[in-house]
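A.B. asks: Mind having a look at this structure? Questions to follow.
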Amino acid sequence: MSFIFLIIGFVFLIKGADLFVEGAASIAKKFNVPAMVIGLTVVAMGTSAPEAAVSITSSLAGQNDMSVANVVGSNFFNILVVLGVSSIIATLPVEKNTIKKDAPFLLIVSGLLFLFGINLRISRVEGLIFLGLFIYFLINTVKNAKNNALDGEEEAAITAEVENVVEFSIPKTILLSVIGIAGIILGGDMVVDSATKIATTLGMSANLVGLTIVAVGTSLPEFVTSIVAIRKGETEIAIGNVIGSNLFNILLVLGLATSIKPITISMFALFDIAFMVLITILLYLFMKKNNSLVRKQGIILVAIYIVYMVYTIIR
């Protein structure tokens with residue numbers, strides 16, 4: 001029954017996030033907010049809503065390791081599996097702006113998470129620092145977009161995504177947003193409760209469940225979206241999406257969770273954070289080599305994920 005409730009929880013999380021994005025994007029369109037700004041803020045944050053719900057719920061429930069493992073595991077999955085499988089299917093070009101600004105910023109943020117966690121505790125002040133950096137990143141991203149920092153294809157892809165947003169009446173928009181938030185909260189509760197019961201029954205740690213079942217479940221929408229986009233030949237935005245998602249996970253998700261309630265982590269969780277920093281460095285080196293990710297590098301990334309997951313399960 002716990003597995004069934006876990007799946008139902010994921011459905012509520014993902015569908016709730018979709019409804020919330022639809023409602024919020026509809027409101028933004030009604031007030032004539034530019035499509036690019038909606039795509040880089042409302043739509044982008046919607047993809048991190050499942051992780052946010054699970055991490056905040058875990059933190060409040062005292063499942064600190066699961067709160068951190070969900071974010072770290074999602075970032076593993078995004079780099080090693082989403083980008084790994086995507087680059088096996090097709091070569092992924094990397095924008096100059098991504099190599100010069102976004103990827104180094106992700107490295108700094110990942111390193112900062114490790115430094116904050118060295119004393120096995122992430123405080124409320126450190127969470128607020130993450131939220132401050134998130135606001136800086138968001139403002140900077142929107143500014144770059146307005147200054148035409150994005151190339152034509154990337155801008156067209158984001159604009160097309162937002163143009164699919166339907167404008168509803170104000171009452172319907174508010175209703176969609178409220179139902180979406182309710183779905184996210186309910187789904188988060190169900191996922192954390194079910195995952196905790198599974199961990200207890202099978203003798204697994206909360207950290208292990210967060211790194212595997214929960215992290216993969218909350219990252220599946222990004223995985224499916226990336227694969228579909230690549231099959232359609234839209235390879236340009238894959239890497240940017242993953243880097244953006246990983247930044248959102250650390251800065252917004254963990255920032256919110258630790259601002260609400262400080263988190264104590266285990267040595268295992270700190271080791272996982274260190275591993276996340278290492279694979280982020282590896283991704284950066286791969287991208288710099290040919291300004292792209294190729295099949296050989298994709299195979300290496302997927303192999304690293306499999307090996308690390310096996311190690312995590314048996315440790």
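Residue numbering restarts at 1 for every chain of the structure tokens, chains are lettered A, B, ... in their displayed order, and ligands are numbered from 1 as they appear.
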With a distance cut-off of 12 Å and only C-alpha atoms, select the neighbouring residues of Phe116 (chain A), excluding the residue or stretch itself and same-chain residues fewer than 5 positions from it, and output the selection as a list in words.
C.D. replies: Val109, Ser110, Gly111, Arg121, Ile122, Ser123, Arg124, Val125, Glu126, Gly127, Ile129, Phe130, Ile250, Leu254, Gly255, Thr258, Pro262, Ile263, Thr264, Ile265, Leu270, Ile273 and Ala274 of chain A
A.B. asks: Measuring atom to atom with only C-alpha atoms, identify which of A:Leu131, A:Ala28, A:Ile4, A:Ile304 is nearest to Ile198 (chain A).
C.D. replies: A:Ile4
A.B. asks: Can you pull out the residues contacting Ala238 (chain A)? Cut-off 9 Å, using only C-alpha atoms, and skip same-chain residues under 6 positions away; I want them as a tab-separated table (two decimals) with N, CA, C and O atoms, in the first residue's frame.
C.D. replies:
```
chain	number	residue	atom	x	y	z
A	82	VAL	N	19.61	12.43	-17.15
A	82	VAL	CA	18.93	13.27	-18.15
A	82	VAL	C	19.91	13.71	-19.24
A	82	VAL	O	19.67	13.50	-20.43
A	83	LEU	N	21.04	14.31	-18.84
A	83	LEU	CA	22.02	14.75	-19.84
A	83	LEU	C	22.77	13.57	-20.44
A	83	LEU	O	23.12	13.59	-21.62
A	86	SER	N	20.37	11.89	-22.91
A	86	SER	CA	20.11	12.86	-23.99
A	86	SER	C	21.30	12.95	-24.95
A	86	SER	O	21.12	12.98	-26.17
A	92	LEU	N	24.70	17.32	-27.84
A	92	LEU	CA	24.05	18.48	-27.24
A	92	LEU	C	24.99	19.69	-27.29
A	92	LEU	O	26.01	19.71	-26.59
A	93	PRO	N	24.68	20.68	-28.11
A	93	PRO	CA	25.53	21.89	-28.14
A	93	PRO	C	25.35	22.71	-26.86
A	93	PRO	O	24.29	22.68	-26.24
A	94	VAL	N	26.41	23.42	-26.47
A	94	VAL	CA	26.37	24.22	-25.25
A	94	VAL	C	26.54	25.70	-25.62
A	94	VAL	O	27.46	26.05	-26.35
A	226	SER	N	12.91	16.40	-21.64
A	226	SER	CA	14.18	16.52	-22.35
A	226	SER	C	14.28	15.51	-23.49
A	226	SER	O	14.71	15.85	-24.60
A	227	ILE	N	13.89	14.27	-23.23
A	227	ILE	CA	13.98	13.24	-24.26
A	227	ILE	C	13.05	13.56	-25.44
A	227	ILE	O	13.44	13.45	-26.61
A	229	ALA	N	11.99	16.54	-26.34
A	229	ALA	CA	12.55	17.71	-27.04
A	229	ALA	C	13.68	17.30	-27.97
A	229	ALA	O	13.77	17.77	-29.11
A	230	ILE	N	14.54	16.39	-27.49
A	230	ILE	CA	15.68	15.96	-28.30
A	230	ILE	C	15.23	15.14	-29.49
A	230	ILE	O	15.76	15.26	-30.59
```
A.B. asks: Quick one: distance from CA of Gln63 (chain A) to CA of Ala269 (chain A) in Å, one decimal?
C.D. replies: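 Distance reported for this atom pair: 12.2 Å.
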